[in-house]
Each structure stands twice: as C-alpha cells, then as structure tokens.
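Okay, input.pdb now, which holds PDB, C-alpha atoms, pLDDT in the B column:
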```pdb
ATOM      1  CA  MET A   7     -39.635-116.678 -64.276  1.00 88.00           C
ATOM      2  CA  GLU A   8     -36.724-117.623 -62.030  1.00 91.00           C
ATOM      3  CA  LEU A   9     -35.071-121.033 -62.430  1.00 94.00           C
ATOM      4  CA  LYS A  10     -32.281-122.283 -60.197  1.00 94.00           C
ATOM      5  CA  TYR A  11     -30.548-125.490 -59.096  1.00 95.00           C
ATOM      6  CA  VAL A  12     -30.291-126.181 -55.359  1.00 94.00           C
ATOM      7  CA  PRO A  13     -27.776-128.939 -54.446  1.00 94.00           C
ATOM      8  CA  THR A  14     -28.992-131.057 -51.520  1.00 92.00           C
ATOM      9  CA  THR A  15     -29.003-134.570 -50.016  1.00 90.00           C
ATOM     10  CA  CYS A  16     -31.676-137.186 -50.726  1.00 89.00           C
ATOM     11  CA  PRO A  17     -33.853-137.970 -47.654  1.00 85.00           C
ATOM     12  CA  TYR A  18     -35.212-141.345 -48.795  1.00 84.00           C
ATOM     13  CA  CYS A  19     -32.603-143.606 -47.187  1.00 81.00           C
ATOM     14  CA  GLY A  20     -29.338-143.417 -45.250  1.00 79.00           C
ATOM     15  CA  THR A  21     -27.022-143.577 -48.277  1.00 85.00           C
ATOM     16  CA  GLY A  22     -26.919-139.803 -48.636  1.00 87.00           C
ATOM     17  CA  CYS A  23     -26.928-139.314 -52.413  1.00 92.00           C
ATOM     18  CA  GLY A  24     -26.628-135.743 -53.648  1.00 94.00           C
ATOM     19  CA  PHE A  25     -28.780-134.137 -56.316  1.00 95.00           C
ATOM     20  CA  ASN A  26     -29.924-130.751 -57.572  1.00 95.00           C
ATOM     21  CA  ILE A  27     -33.529-129.744 -57.000  1.00 95.00           C
ATOM     22  CA  VAL A  28     -34.845-127.560 -59.798  1.00 96.00           C
ATOM     23  CA  VAL A  29     -36.668-124.618 -58.226  1.00 95.00           C
ATOM     24  CA  LYS A  30     -38.975-122.594 -60.445  1.00 95.00           C
ATOM     25  CA  ASP A  31     -40.461-119.453 -58.873  1.00 94.00           C
ATOM     26  CA  GLY A  32     -40.012-120.866 -55.374  1.00 90.00           C
ATOM     27  CA  MET A  33     -41.555-124.264 -56.197  1.00 93.00           C
ATOM     28  CA  ALA A  34     -39.574-127.529 -56.498  1.00 94.00           C
ATOM     29  CA  VAL A  35     -40.390-128.882 -59.961  1.00 94.00           C
ATOM     30  CA  GLY A  36     -37.720-131.505 -60.719  1.00 94.00           C
ATOM     31  CA  ILE A  37     -34.454-133.297 -59.980  1.00 95.00           C
ATOM     32  CA  GLU A  38     -31.248-132.892 -62.006  1.00 95.00           C
ATOM     33  CA  PRO A  39     -27.958-134.791 -61.456  1.00 94.00           C
ATOM     34  CA  TRP A  40     -25.251-133.296 -59.270  1.00 95.00           C
ATOM     35  CA  HIS A  41     -22.167-134.860 -60.840  1.00 95.00           C
ATOM     36  CA  ARG A  42     -19.788-133.657 -58.139  1.00 93.00           C
ATOM     37  CA  ALA A  43     -21.722-135.331 -55.288  1.00 93.00           C
ATOM     38  CA  PRO A  44     -19.128-137.569 -53.590  1.00 92.00           C
ATOM     39  CA  VAL A  45     -21.518-140.455 -52.770  1.00 92.00           C
ATOM     40  CA  ASN A  46     -23.303-141.108 -56.064  1.00 93.00           C
ATOM     41  CA  ALA A  47     -21.495-138.947 -58.688  1.00 94.00           C
ATOM     42  CA  GLY A  48     -24.773-137.852 -60.292  1.00 93.00           C
ATOM     43  CA  LYS A  49     -26.462-141.264 -60.436  1.00 94.00           C
ATOM     44  CA  LEU A  50     -29.796-141.830 -58.651  1.00 94.00           C
ATOM     45  CA  CYS A  51     -32.315-144.606 -57.904  1.00 93.00           C
ATOM     46  CA  GLN A  52     -36.002-144.272 -58.868  1.00 91.00           C
ATOM     47  CA  LYS A  53     -37.039-142.921 -55.456  1.00 90.00           C
ATOM     48  CA  GLY A  54     -34.416-140.192 -55.513  1.00 90.00           C
ATOM     49  CA  ARG A  55     -35.244-139.359 -59.133  1.00 92.00           C
ATOM     50  CA  TYR A  56     -38.733-138.199 -58.048  1.00 91.00           C
ATOM     51  CA  ALA A  57     -37.871-137.027 -54.521  1.00 88.00           C
ATOM     52  CA  TYR A  58     -39.269-133.535 -55.182  1.00 91.00           C
ATOM     53  CA  GLU A  59     -42.903-134.651 -55.532  1.00 90.00           C
ATOM     54  CA  PHE A  60     -43.753-134.846 -51.811  1.00 90.00           C
ATOM     55  CA  ILE A  61     -42.343-131.420 -50.943  1.00 91.00           C
ATOM     56  CA  HIS A  62     -45.476-129.484 -51.904  1.00 91.00           C
ATOM     57  CA  SER A  63     -47.888-132.375 -51.217  1.00 91.00           C
ATOM     58  CA  LYS A  64     -51.242-131.345 -49.737  1.00 92.00           C
ATOM     59  CA  ASP A  65     -50.910-134.251 -47.257  1.00 91.00           C
ATOM     60  CA  ARG A  66     -47.941-132.633 -45.493  1.00 93.00           C
ATOM     61  CA  LEU A  67     -48.341-131.867 -41.799  1.00 93.00           C
ATOM     62  CA  VAL A  68     -48.130-128.082 -41.468  1.00 94.00           C
ATOM     63  CA  LYS A  69     -49.386-127.389 -37.941  1.00 95.00           C
ATOM     64  CA  PRO A  70     -48.706-129.157 -34.618  1.00 96.00           C
ATOM     65  CA  LEU A  71     -51.459-131.528 -33.467  1.00 96.00           C
ATOM     66  CA  VAL A  72     -52.251-132.446 -29.868  1.00 97.00           C
ATOM     67  CA  ARG A  73     -54.681-135.175 -28.811  1.00 95.00           C
ATOM     68  CA  LYS A  74     -57.612-133.780 -26.819  1.00 94.00           C
ATOM     69  CA  ASN A  75     -60.530-136.068 -25.890  1.00 93.00           C
ATOM     70  CA  GLY A  76     -59.268-138.698 -28.329  1.00 91.00           C
ATOM     71  CA  GLN A  77     -59.039-136.319 -31.304  1.00 94.00           C
ATOM     72  CA  LEU A  78     -55.916-134.703 -32.796  1.00 95.00           C
ATOM     73  CA  ILE A  79     -56.551-130.949 -32.600  1.00 96.00           C
ATOM     74  CA  VAL A  80     -54.515-128.185 -34.307  1.00 96.00           C
ATOM     75  CA  VAL A  81     -52.677-126.067 -31.725  1.00 97.00           C
ATOM     76  CA  SER A  82     -49.960-123.397 -31.785  1.00 97.00           C
ATOM     77  CA  TRP A  83     -46.242-124.322 -31.692  1.00 96.00           C
ATOM     78  CA  GLU A  84     -45.898-122.741 -28.231  1.00 97.00           C
ATOM     79  CA  GLU A  85     -48.736-124.822 -26.808  1.00 96.00           C
ATOM     80  CA  ALA A  86     -47.478-128.067 -28.402  1.00 96.00           C
ATOM     81  CA  LEU A  87     -43.873-127.590 -27.209  1.00 95.00           C
ATOM     82  CA  ALA A  88     -44.996-126.608 -23.692  1.00 96.00           C
ATOM     83  CA  PHE A  89     -47.228-129.700 -23.611  1.00 96.00           C
ATOM     84  CA  ILE A  90     -44.366-132.019 -24.681  1.00 95.00           C
ATOM     85  CA  ALA A  91     -41.903-130.441 -22.234  1.00 94.00           C
ATOM     86  CA  GLY A  92     -44.423-130.699 -19.386  1.00 95.00           C
ATOM     87  CA  LYS A  93     -45.134-134.339 -20.202  1.00 94.00           C
ATOM     88  CA  PHE A  94     -41.472-135.397 -20.406  1.00 93.00           C
ATOM     89  CA  MET A  95     -40.780-133.682 -17.063  1.00 93.00           C
ATOM     90  CA  THR A  96     -43.196-136.118 -15.394  1.00 94.00           C
ATOM     91  CA  PHE A  97     -41.123-139.137 -16.500  1.00 93.00           C
ATOM     92  CA  HIS A  98     -37.808-140.434 -15.177  1.00 91.00           C
ATOM     93  CA  SER A  99     -35.052-140.601 -17.769  1.00 88.00           C
ATOM     94  CA  GLU A 100     -35.221-144.438 -17.688  1.00 88.00           C
ATOM     95  CA  GLU A 101     -38.865-144.242 -18.797  1.00 90.00           C
ATOM     96  CA  ILE A 102     -38.210-142.246 -21.956  1.00 91.00           C
ATOM     97  CA  ALA A 103     -37.159-143.626 -25.333  1.00 89.00           C
ATOM     98  CA  CYS A 104     -36.195-141.662 -28.431  1.00 90.00           C
ATOM     99  CA  LEU A 105     -36.287-143.146 -31.907  1.00 88.00           C
ATOM    100  CA  SER A 106     -34.521-141.401 -34.741  1.00 87.00           C
ATOM    101  CA  SER A 107     -34.548-142.326 -38.392  1.00 84.00           C
ATOM    102  CA  ALA A 108     -32.267-143.342 -41.252  1.00 79.00           C
ATOM    103  CA  ARG A 109     -34.263-140.995 -43.469  1.00 82.00           C
ATOM    104  CA  THR A 110     -32.747-137.892 -41.944  1.00 83.00           C
ATOM    105  CA  SER A 111     -29.350-136.268 -42.327  1.00 82.00           C
ATOM    106  CA  ASN A 112     -26.337-136.987 -40.135  1.00 82.00           C
ATOM    107  CA  GLU A 113     -26.724-133.545 -38.610  1.00 86.00           C
ATOM    108  CA  GLU A 114     -30.328-134.152 -37.546  1.00 87.00           C
ATOM    109  CA  ASN A 115     -29.432-137.516 -36.004  1.00 87.00           C
ATOM    110  CA  TYR A 116     -26.572-135.837 -34.156  1.00 89.00           C
ATOM    111  CA  LEU A 117     -28.987-133.238 -32.765  1.00 91.00           C
ATOM    112  CA  MET A 118     -31.403-136.007 -31.778  1.00 90.00           C
ATOM    113  CA  GLN A 119     -28.765-137.883 -29.746  1.00 89.00           C
ATOM    114  CA  LYS A 120     -27.667-134.586 -28.205  1.00 91.00           C
ATOM    115  CA  PHE A 121     -31.272-133.827 -27.220  1.00 92.00           C
ATOM    116  CA  ALA A 122     -31.627-137.360 -25.794  1.00 91.00           C
ATOM    117  CA  ALA A 123     -28.341-137.328 -23.897  1.00 90.00           C
ATOM    118  CA  LEU A 124     -28.302-133.756 -22.568  1.00 91.00           C
ATOM    119  CA  SER A 125     -31.946-132.627 -22.307  1.00 90.00           C
ATOM    120  CA  LEU A 126     -33.730-135.887 -21.472  1.00 90.00           C
ATOM    121  CA  ARG A 127     -30.644-137.452 -19.820  1.00 89.00           C
ATOM    122  CA  LEU A 128     -31.260-140.879 -21.334  1.00 86.00           C
ATOM    123  CA  PRO A 129     -28.889-143.473 -19.866  1.00 79.00           C
ATOM    124  CA  MET A 130     -28.237-145.359 -23.117  1.00 76.00           C
ATOM    125  CA  LEU A 131     -27.729-144.488 -26.785  1.00 78.00           C
ATOM    126  CA  ILE A 132     -27.709-147.302 -29.308  1.00 75.00           C
ATOM    127  CA  THR A 133     -28.033-147.979 -33.036  1.00 71.00           C
ATOM    128  CA  VAL A 134     -30.839-150.076 -34.485  1.00 67.00           C
ATOM    129  CA  GLN A 135     -28.542-152.982 -35.350  1.00 66.00           C
ATOM    130  CA  ASP A 136     -27.087-153.108 -31.825  1.00 70.00           C
ATOM    131  CA  PHE A 137     -30.597-152.802 -30.372  1.00 68.00           C
ATOM    132  CA  ALA A 138     -31.846-155.860 -32.310  1.00 68.00           C
ATOM    133  CA  ILE A 139     -28.880-157.932 -31.112  1.00 72.00           C
ATOM    134  CA  LEU A 140     -29.389-156.689 -27.539  1.00 70.00           C
ATOM    135  CA  LEU A 141     -33.087-157.660 -27.524  1.00 67.00           C
ATOM    136  CA  GLN A 142     -32.261-161.149 -28.765  1.00 69.00           C
ATOM    137  CA  SER A 143     -29.612-161.643 -26.101  1.00 71.00           C
ATOM    138  CA  LEU A 144     -31.552-160.157 -23.150  1.00 67.00           C
ATOM    139  CA  ASP A 145     -34.956-161.888 -23.564  1.00 65.00           C
ATOM    140  CA  LEU A 146     -36.652-159.130 -21.542  1.00 62.00           C
ATOM    141  CA  PRO A 147     -39.867-160.122 -19.686  1.00 59.00           C
ATOM    142  CA  GLN A 148     -41.929-157.226 -21.116  1.00 55.00           C
ATOM    143  CA  PHE A 149     -40.990-158.237 -24.660  1.00 54.00           C
ATOM    144  CA  SER A 150     -41.718-161.944 -24.134  1.00 52.00           C
ATOM    145  CA  ALA A 151     -45.083-160.931 -22.588  1.00 51.00           C
ATOM    146  CA  LEU A 152     -45.908-159.205 -25.887  1.00 51.00           C
ATOM    147  CA  GLU A 153     -45.248-162.404 -27.822  1.00 50.00           C
ATOM    148  CA  GLN A 154     -48.157-164.225 -26.125  1.00 44.00           C
TER     149      GLN A 154
ATOM    150  CA  MET K  20     -43.648-148.227 -14.576  1.00 66.00           C
ATOM    151  CA  THR K  21     -44.691-145.554 -17.021  1.00 71.00           C
ATOM    152  CA  ASN K  22     -43.264-145.200 -20.519  1.00 90.00           C
ATOM    153  CA  SER K  23     -42.927-142.411 -23.026  1.00 92.00           C
ATOM    154  CA  MET K  24     -41.405-142.090 -26.459  1.00 92.00           C
ATOM    155  CA  TYR K  25     -40.264-139.395 -28.862  1.00 93.00           C
ATOM    156  CA  VAL K  26     -40.073-140.462 -32.512  1.00 92.00           C
ATOM    157  CA  MET K  27     -38.472-138.436 -35.284  1.00 91.00           C
ATOM    158  CA  ARG K  28     -39.270-139.119 -38.946  1.00 89.00           C
ATOM    159  CA  GLU K  29     -39.859-142.832 -38.397  1.00 87.00           C
ATOM    160  CA  ASN K  30     -42.941-144.985 -38.976  1.00 88.00           C
ATOM    161  CA  PHE K  31     -42.395-148.282 -37.212  1.00 85.00           C
ATOM    162  CA  MET K  32     -45.914-149.418 -38.112  1.00 87.00           C
ATOM    163  CA  LEU K  33     -44.357-149.771 -41.558  1.00 85.00           C
ATOM    164  CA  SER K  34     -40.800-150.840 -40.781  1.00 80.00           C
ATOM    165  CA  ASP K  35     -41.368-153.375 -37.970  1.00 80.00           C
ATOM    166  CA  PRO K  36     -42.184-156.913 -39.168  1.00 81.00           C
ATOM    167  CA  ASP K  37     -44.999-157.653 -36.645  1.00 85.00           C
ATOM    168  CA  LEU K  38     -47.770-155.036 -36.902  1.00 88.00           C
ATOM    169  CA  ASN K  39     -49.969-156.464 -34.119  1.00 90.00           C
ATOM    170  CA  LYS K  40     -47.030-156.476 -31.722  1.00 88.00           C
ATOM    171  CA  VAL K  41     -46.247-152.852 -32.616  1.00 88.00           C
ATOM    172  CA  ILE K  42     -49.845-151.721 -32.023  1.00 90.00           C
ATOM    173  CA  LYS K  43     -49.981-153.600 -28.722  1.00 90.00           C
ATOM    174  CA  ALA K  44     -46.673-152.127 -27.549  1.00 89.00           C
ATOM    175  CA  THR K  45     -47.580-148.601 -28.706  1.00 90.00           C
ATOM    176  CA  LYS K  46     -50.861-148.682 -26.762  1.00 90.00           C
ATOM    177  CA  GLN K  47     -48.874-149.437 -23.584  1.00 90.00           C
ATOM    178  CA  LEU K  48     -47.077-146.105 -23.913  1.00 92.00           C
ATOM    179  CA  ASP K  49     -48.288-143.329 -21.615  1.00 93.00           C
ATOM    180  CA  PHE K  50     -47.022-140.618 -23.914  1.00 94.00           C
ATOM    181  CA  LEU K  51     -45.993-140.686 -27.570  1.00 95.00           C
ATOM    182  CA  ALA K  52     -44.742-137.693 -29.543  1.00 95.00           C
ATOM    183  CA  VAL K  53     -44.081-138.088 -33.273  1.00 95.00           C
ATOM    184  CA  LYS K  54     -42.398-135.656 -35.660  1.00 94.00           C
ATOM    185  CA  ASP K  55     -42.884-136.440 -39.339  1.00 93.00           C
ATOM    186  CA  LEU K  56     -43.545-134.935 -42.762  1.00 92.00           C
ATOM    187  CA  PHE K  57     -46.949-136.604 -42.994  1.00 92.00           C
ATOM    188  CA  LEU K  58     -49.615-137.848 -40.600  1.00 93.00           C
ATOM    189  CA  SER K  59     -48.317-141.424 -40.755  1.00 91.00           C
ATOM    190  CA  LYS K  60     -49.996-144.441 -39.142  1.00 91.00           C
ATOM    191  CA  ILE K  61     -47.860-144.092 -36.037  1.00 91.00           C
ATOM    192  CA  ALA K  62     -48.501-140.326 -35.894  1.00 93.00           C
ATOM    193  CA  ASN K  63     -52.233-141.149 -35.905  1.00 92.00           C
ATOM    194  CA  LEU K  64     -51.723-143.029 -32.610  1.00 92.00           C
ATOM    195  CA  ALA K  65     -49.585-140.283 -31.079  1.00 94.00           C
ATOM    196  CA  ASP K  66     -50.488-137.814 -28.336  1.00 95.00           C
ATOM    197  CA  VAL K  67     -48.606-135.066 -30.159  1.00 96.00           C
ATOM    198  CA  ALA K  68     -47.797-134.907 -33.882  1.00 96.00           C
ATOM    199  CA  LEU K  69     -45.302-132.248 -34.947  1.00 96.00           C
ATOM    200  CA  PRO K  70     -44.718-131.213 -38.564  1.00 95.00           C
ATOM    201  CA  ALA K  71     -41.143-131.624 -39.840  1.00 92.00           C
ATOM    202  CA  ALA K  72     -39.222-129.649 -42.439  1.00 88.00           C
ATOM    203  CA  CYS K  73     -37.706-131.586 -45.325  1.00 82.00           C
ATOM    204  CA  PHE K  74     -34.390-130.829 -47.165  1.00 73.00           C
TER     205      PHE K  74
END
```

Represent the structure of the file as structure tokens.
Amino acid sequence: MELKYVPTTCPYCGTGCGFNIVVKDGMAVGIEPWHRAPVNAGKLCQKGRYAYEFIHSKDRLVKPLVRKNGQLIVVSWEEALAFIAGKFMTFHSEEIACLSSARTSNEENYLMQKFAALSLRLPMLITVQDFAILLQSLDLPQFSALEQ
Amino acid sequence: MTNSMYVMRENFMLSDPDLNKVIKATKQLDFLAVKDLFLSKIANLADVALPAACF
C-alpha cells in the first residue's frame, strides 16, 4: 500500500484554498490540511473538506460527445476537436462568445483568454462583474427581446 | 446574425437567476461547445461536450 499527500488548489470557488489530497494506491481517498497554503493556512469550508469525492465519480464525462441527429454520441478526441475547429471557422469573431469559470485555476483562465484573443480573435474580453454592468447600461435590443 | 459559444467548466443553467431566459437564449445559439467534469444541464443542450480534467 502506497500513501502520499499531494498539495493542490481547491476547485470549488475562486478563493483558491490549498489542501493536501490523500492518495492511496493511485486513488484520492481524503483531504488533509496544508498548513503552509498562503490563502487559507490549513483551514477549509465544508465543500473543500470533501472535494475529493467527485474525482472518481462514475458520473464524470470521460469521452467527447458530439450531437448527431439530436443525440449526444461518443466520438474520438480527434473527431470532436476537428468538428469544433471546423464549426468556429464558419463564424466571424464577433459571433463567438467564450465563457470561462471561477471554478478553475488562474492558469486555466489565462489560457482561456489567450485562446479567445489569439485563436478566435474575439474583439472584447471582460469579467463577469463588468459584463453585468455593461448589459444594464447598454439595454441591447436582443436582450430586451428576451424579456418579453 | 449567427451565434456560437464555447463554455469552460460553467453551468449557467444553475448560476443565472432566470432559467427560462437562459434556455430561450441558449436555443438561439447556432453552435454551443461545453467543457465540464460532468454532463451538466447546459452540456445536455450542447452540440459538443468535452470532458475536463480536474486538479
């Protein structure tokens, strides 16, 4: 039996608390405090305390799915990525939106904005808070049409 | 005008306050790709659902 602690960052919210995941024979089996984590100094909320449970969940998505005739069908990574790339090439950059999440690391969000700015050439990058204020101030016709 | 969206690790069916508005707006999209750990409600509406790694 092999038991080890793996220090990592909690993915539940944007705070970025650190903890140790207890790994037993390659399986995550528990959470232990990481006292030297700069954000939370070993303390955790209830969600972070049990943040290992979903890692090996049977509900996890493991293969890419593509909708064919209204049904999501399992396909290979190559086929799914080629399909996405082909689809995005048919749109202008003004017609594409990317939405990232607070439940990812800083590094992943950085890569997302890099993908949006350099690959998709999106004209605008904005945070959720700024976006909410912008929508209120603009009163866009397509959004007011949705209200009715 | 056509619209497309790429969503990473976000389920706005859950986080947006008006569910009917979200469903209505999502159905207007011509293409929706979602990357998440699970097949969330928004991934169920997507054209492509990609699995994500966690930690």

### Query
If you apply the PyMOL selection byres ((chain A) within 8 of (chain K)) to this file, what residues do you get, as number ranges by chain?
A: 14-17, 61, 65-73, 78, 86, 90, 93-94, 97, 101-107, 109-110, 152-153

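Distance-wise, atom CA of A:Arg42 and atom CA of A:Leu117 end up 27.0 Å apart.
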
### Message
Between atom CA of A:Leu50 and atom CA of K:Leu33, what distance in Å does the model show, to one decimal?
### Response
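Distance reported for this atom pair: 23.8 Å.
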
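Of the listed residues A:Cys19, A:Leu9, A:Ala91, A:Met33, the one whose atoms come nearest to A:Phe60 is A:Met33, with distances taken using all atoms listed in the file.
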
### Query
So what do you get for atom CA of A:Pro129 versus atom CA of A:Ser99, distance-wise?
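Answer for the atom CA of A:Pro129 to atom CA of A:Ser99 separation: 7.1 Å.
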
### Query
Applied to the shown file, which residues does the PyMOL selection byres ((chain A and resi 47) around 12) return, written as a list of chain:residue names?
A:Gly22, A:Cys23, A:Gly24, A:Phe25, A:Asn26, A:Glu38, A:Pro39, A:Trp40, A:His41, A:Arg42, A:Ala43, A:Pro44, A:Val45, A:Asn46, A:Gly48, A:Lys49, A:Leu50

Centre, x/y/z edge lengths, axis-aligned box for stretch 30-47 of chain K with 6 Å per side, as lines of an AutoDock Vina configuration file:
```
center_x = -45.8
center_y = -151.3
center_z = -32.6
size_x = 22.1
size_y = 24.7
size_z = 30.0
```
